[in-house]
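These notes are about the structure you will find just below.
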Amino acid sequence: MSANTMETDEQFTDNSPIVNFYSGKSVFVTGATGFLGTVLVEKLLFSCKGINNIYILIKQTEDLTIEARILNYLNSKAFHRVKNTNPELMKKIIPICGNLEDKNLGISDSDMKTLLEEVSIVFHLAAKLLFKMSLAAAVNINTKSTEQLIAICKKMRRNPIFIYVSSAYSNVNKQIIDEKVYSTGVPLETIYDTLDAKNTRLVDIFLDKRPNTYTYSKALAEVLVEKEFDESAAIVRPSIIASSIREPIPGWLSGSHGFPRVVEAACKGLLLRWHGNGTVAFDIIPVDHVANLIIAAAWESNERRLIGNKGVKVYNCCSGLRNPIDVSTVMNTCLKYRKYFGTRTMSIITPRFIMKKNYFLYKLLYFTYHTIPAAIIDGFFWLTGRTPMMLNTLHKLRKLSSVLEYFTLRQFLFLDSNVRGLLRRMEGTDRQTFNFDVTEIEWEPFLQNCVRGIANNYD
């Protein structure tokens with residue numbers, strides 16, 4: 001696979017240290033076709049025009065070939081401004097066929113040779129975000145894939161900067177989470193040896209009060225990164241990633257992950273009672289803030305390498321400490337803009353999202369305001385020859401809410417001194433181009449755009 005011809009340095013010279021850092025370099029991105037990955041790739045193309053190639057790992061599915069998947073990806077509305085300003089830049093996106101669960105990530109010998117020769121920066125975003133995976137499944141896809149990618153990086157000729165995107169919730173067995181890698185207690189080799197263990201008690205010991213295997217597998221991967229790298233790596237931990245605040249389109253999102261599904265269900269009047277603490281800070285972060293921080297973290301990693309500053313640096317990409325907003329305010333602000341759903345709502349007046357910490361009171365309210373009306377509607381559907389669906393829909397929403405309850409019943413504090421330090425280091429141009437200052441977020445217009453994006457399905 002041949003590389004694109006690299007533009008001259010003069011064409012893209014900029015007074016931005018970050019833009020100049022990426023000029024002439026090729027990057028490799030896993031998880032590029034996901035929500036965050038799409039925004040990251042678009043931002044690199046749009047703001048770092050001198051970048052050489054962006055290699056993206058992409059998996060062939062039973063339904064779609066690689067060619068079909070990459071075509072769908074390139075047709076995303078997220079790339080509209082790149083296509084409108086300089087469509088030739090889209091040619092810099094080069095697919096690499098692979099699979100996180102295969103040996104060497106399923107990358108062919110020819111593609112591997114290209115990556116080993118050309119890549120200077122690796123962004124590892126890919127992960128399987130399922131809270132109810134078995135321990136074996138979570139570790140195999142989220143931890144072992146990281147181990148394999150690290151082994152590939154160590155063979156790369158250009159000694160690449162490695163950025164691992166974890167989760168702010170990887171260590172929620174603690175209430176205060178600092179910007180450091182925490183020990184998982186049990187050696188990774190022991191985890192591997194007991195992956196197929198059916199002993200629930202043993203799994204609980206491994207998780208060490210973490211709520212699920214997903215967060216645990218991310219914590220394990222962090223330990224791997226710290227063990228294998230010193231001066232050339234960083235870990236970015238975003239909290240709950242929401243739609244974009246500015247780029248590529250205000251309110252843009254893709255996919256149907258937890259937060260948008262809850263907002264949609266609330267705006268449609270399907271889920272208005274929740275088991276949780278309404279005063280808990282709901283730590284949401286715009287997706288473009290996360291992408292900007294990832295891009296800047298790679299630049300800072302290189303700056304640290306140049307002066308011999310060793311150690312993996314961790315960035316907690318969160319809003320709860322500097323610009324908090326509680327769960328109830330988030331949800332009830334979203335409900336104010338339910339008009340974007342038009343006639344797809346279940347009530348005429350604007351409802352309220354009510355949260356109860358007391359489980360029995362919550363169950364009573366849920367039964368009264370959701371289960372009984374759903375049963376009545378299903379009964380009407382049955383009598384009129386239509387398929388009953390409301391109770392089944394409620395069951396699915398209840399499963400989603402039960403997974404998220406852990407995070408709305410507990411208050412976490414994510415320290416962010418490294419994030420603020422990076423922001424201070426960035427010059428004026430970079431602070432504007434790659435902004436991730438959460439203190440500047442105005443929550444009401446941001447949430448209004450969130451609801452608009454969810455209702456209009458921007459992608």
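Labels for the structure tokens follow display order: chains A, B, ..., residues from 1 in each chain, ligands from 1.
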
Where does DSSP see helix (DSSP H, G or I) in region 148-286 of chain A, if you list the residues as a PyMOL selection string?
chain A and resi 148-153+168-171+188-193+200-207+213-228+258-267

Can you write out the residues you just picked, keeping C-alpha atoms, as a compact mmCIF listing (two decimals), in the first residue's frame?
# COMPACT_ATOMS: atom_id res chain seq x y z
CA GLN A 148 -0.87 -6.62 20.92
CA LEU A 149 -0.89 -3.03 19.68
CA ILE A 150 1.89 -2.10 22.11
CA ALA A 151 3.98 -4.99 20.74
CA ILE A 152 3.42 -3.65 17.20
CA CYS A 153 4.38 -0.12 18.29
CA ALA A 168 -12.61 8.12 33.65
CA TYR A 169 -14.60 5.30 35.21
CA SER A 170 -11.84 2.70 35.00
CA ASN A 171 -11.09 3.23 38.70
CA LEU A 188 -2.12 -9.55 34.74
CA GLU A 189 -0.63 -13.02 34.23
CA THR A 190 -2.92 -14.36 36.96
CA ILE A 191 -5.91 -12.76 35.25
CA TYR A 192 -4.98 -14.39 31.94
CA ASP A 193 -4.59 -17.79 33.60
CA THR A 200 -18.34 -15.48 40.72
CA ARG A 201 -16.52 -14.84 43.96
CA LEU A 202 -13.16 -14.95 42.18
CA VAL A 203 -14.35 -12.46 39.53
CA ASP A 204 -15.60 -10.13 42.28
CA ILE A 205 -12.14 -10.23 43.88
CA PHE A 206 -10.54 -9.29 40.56
CA LEU A 207 -12.96 -6.40 39.95
CA THR A 213 -15.84 -6.05 33.61
CA TYR A 214 -15.60 -3.20 31.06
CA THR A 215 -14.18 -0.69 33.55
CA TYR A 216 -11.87 -3.39 34.91
CA SER A 217 -10.53 -4.31 31.47
CA LYS A 218 -9.73 -0.63 30.82
CA ALA A 219 -7.89 -0.37 34.15
CA LEU A 220 -5.84 -3.45 33.21
CA ALA A 221 -4.94 -1.87 29.88
CA GLU A 222 -3.75 1.27 31.68
CA VAL A 223 -1.40 -0.86 33.76
CA LEU A 224 -0.04 -2.38 30.55
CA VAL A 225 0.62 1.03 29.01
CA GLU A 226 2.47 2.25 32.10
CA LYS A 227 4.52 -0.93 32.25
CA GLU A 228 5.59 -0.90 28.59
CA GLY A 258 -26.14 5.30 26.79
CA PHE A 259 -26.60 9.05 27.27
CA PRO A 260 -28.42 9.82 23.97
CA ARG A 261 -30.71 6.82 24.47
CA VAL A 262 -31.71 8.04 27.93
CA VAL A 263 -32.32 11.59 26.64
CA GLU A 264 -34.38 10.28 23.73
CA ALA A 265 -36.46 8.05 26.02
CA ALA A 266 -37.08 10.94 28.42
CA CYS A 267 -38.04 13.38 25.66

Excluding Cys317 (chain A) and residues on its chain fewer than 4 positions from it, collect all residues at most 9 Å away from it, counting only C-alpha atoms, and give them as a list in words.
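The residues satisfying every condition are Ser167, Ala168, Val236, Arg237, Pro238, Ser239, Ile285, His289, Val290, Leu293, Phe414, Asp416, Val419 and Phe436 of chain A.
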
Please produce an output containing C-alpha atoms for each residue in the selection, written as a PDB file, in the first residue's frame.
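To be explicit, this is the file written out as selection.pdb:
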ATOM      1  CA  SER A 167     -12.280   5.801  30.683  1.00  0.00           C
ATOM      2  CA  ALA A 168     -12.609   8.124  33.646  1.00  0.00           C
ATOM      3  CA  VAL A 236      -6.634  10.077  28.171  1.00  0.00           C
ATOM      4  CA  ARG A 237      -9.636   9.300  30.369  1.00  0.00           C
ATOM      5  CA  PRO A 238     -12.874  10.883  29.139  1.00  0.00           C
ATOM      6  CA  SER A 239     -16.015  10.742  31.278  1.00  0.00           C
ATOM      7  CA  ILE A 285     -17.905  16.066  28.151  1.00  0.00           C
ATOM      8  CA  HIS A 289     -13.213  18.460  23.663  1.00  0.00           C
ATOM      9  CA  VAL A 290     -12.001  14.874  24.002  1.00  0.00           C
ATOM     10  CA  LEU A 293      -7.245  16.867  24.190  1.00  0.00           C
ATOM     11  CA  PHE A 414     -11.886  13.402  38.911  1.00  0.00           C
ATOM     12  CA  ASP A 416      -7.501  17.281  36.375  1.00  0.00           C
ATOM     13  CA  VAL A 419      -5.344  18.713  31.764  1.00  0.00           C
ATOM     14  CA  PHE A 436     -10.879  21.675  25.656  1.00  0.00           C
TER      15      PHE A 436
END

Which residue of A:Thr384, A:Asn435, A:Ser244, A:Asn159 approaches Ser120 (chain A) most closely, using only C-alpha atoms
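Of A:Thr384, A:Asn435, A:Ser244, A:Asn159, the one nearest Ser120 (chain A), counting only C-alpha atoms, is A:Asn159.
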
Identify which of the residues A:His370, A:Arg424, A:Arg410, A:Lys77 lies closest to Asn392 (chain A), counting only C-alpha atoms when measuring atom-to-atom distances.
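Among the listed residues, the smallest separation from Asn392 (chain A) belongs to A:His370.
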
Which distance in Å separates CA of Leu129 (chain A) and CA of Ser166 (chain A), to one decimal?
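So the two atoms, CA of Leu129 (chain A) and CA of Ser166 (chain A), lie 11.1 Å apart.
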
Filtered DSSP result for region 302-392 of chain A, state strand (DSSP E or B), as a PyMOL selection string
chain A and resi 313-317+326+354-356

Have a look at A:Glu442, A:Asp109, A:Asp430, A:Glu405 and name the one nearest to Trp274 (chain A); count only C-alpha atoms.
A:Glu405
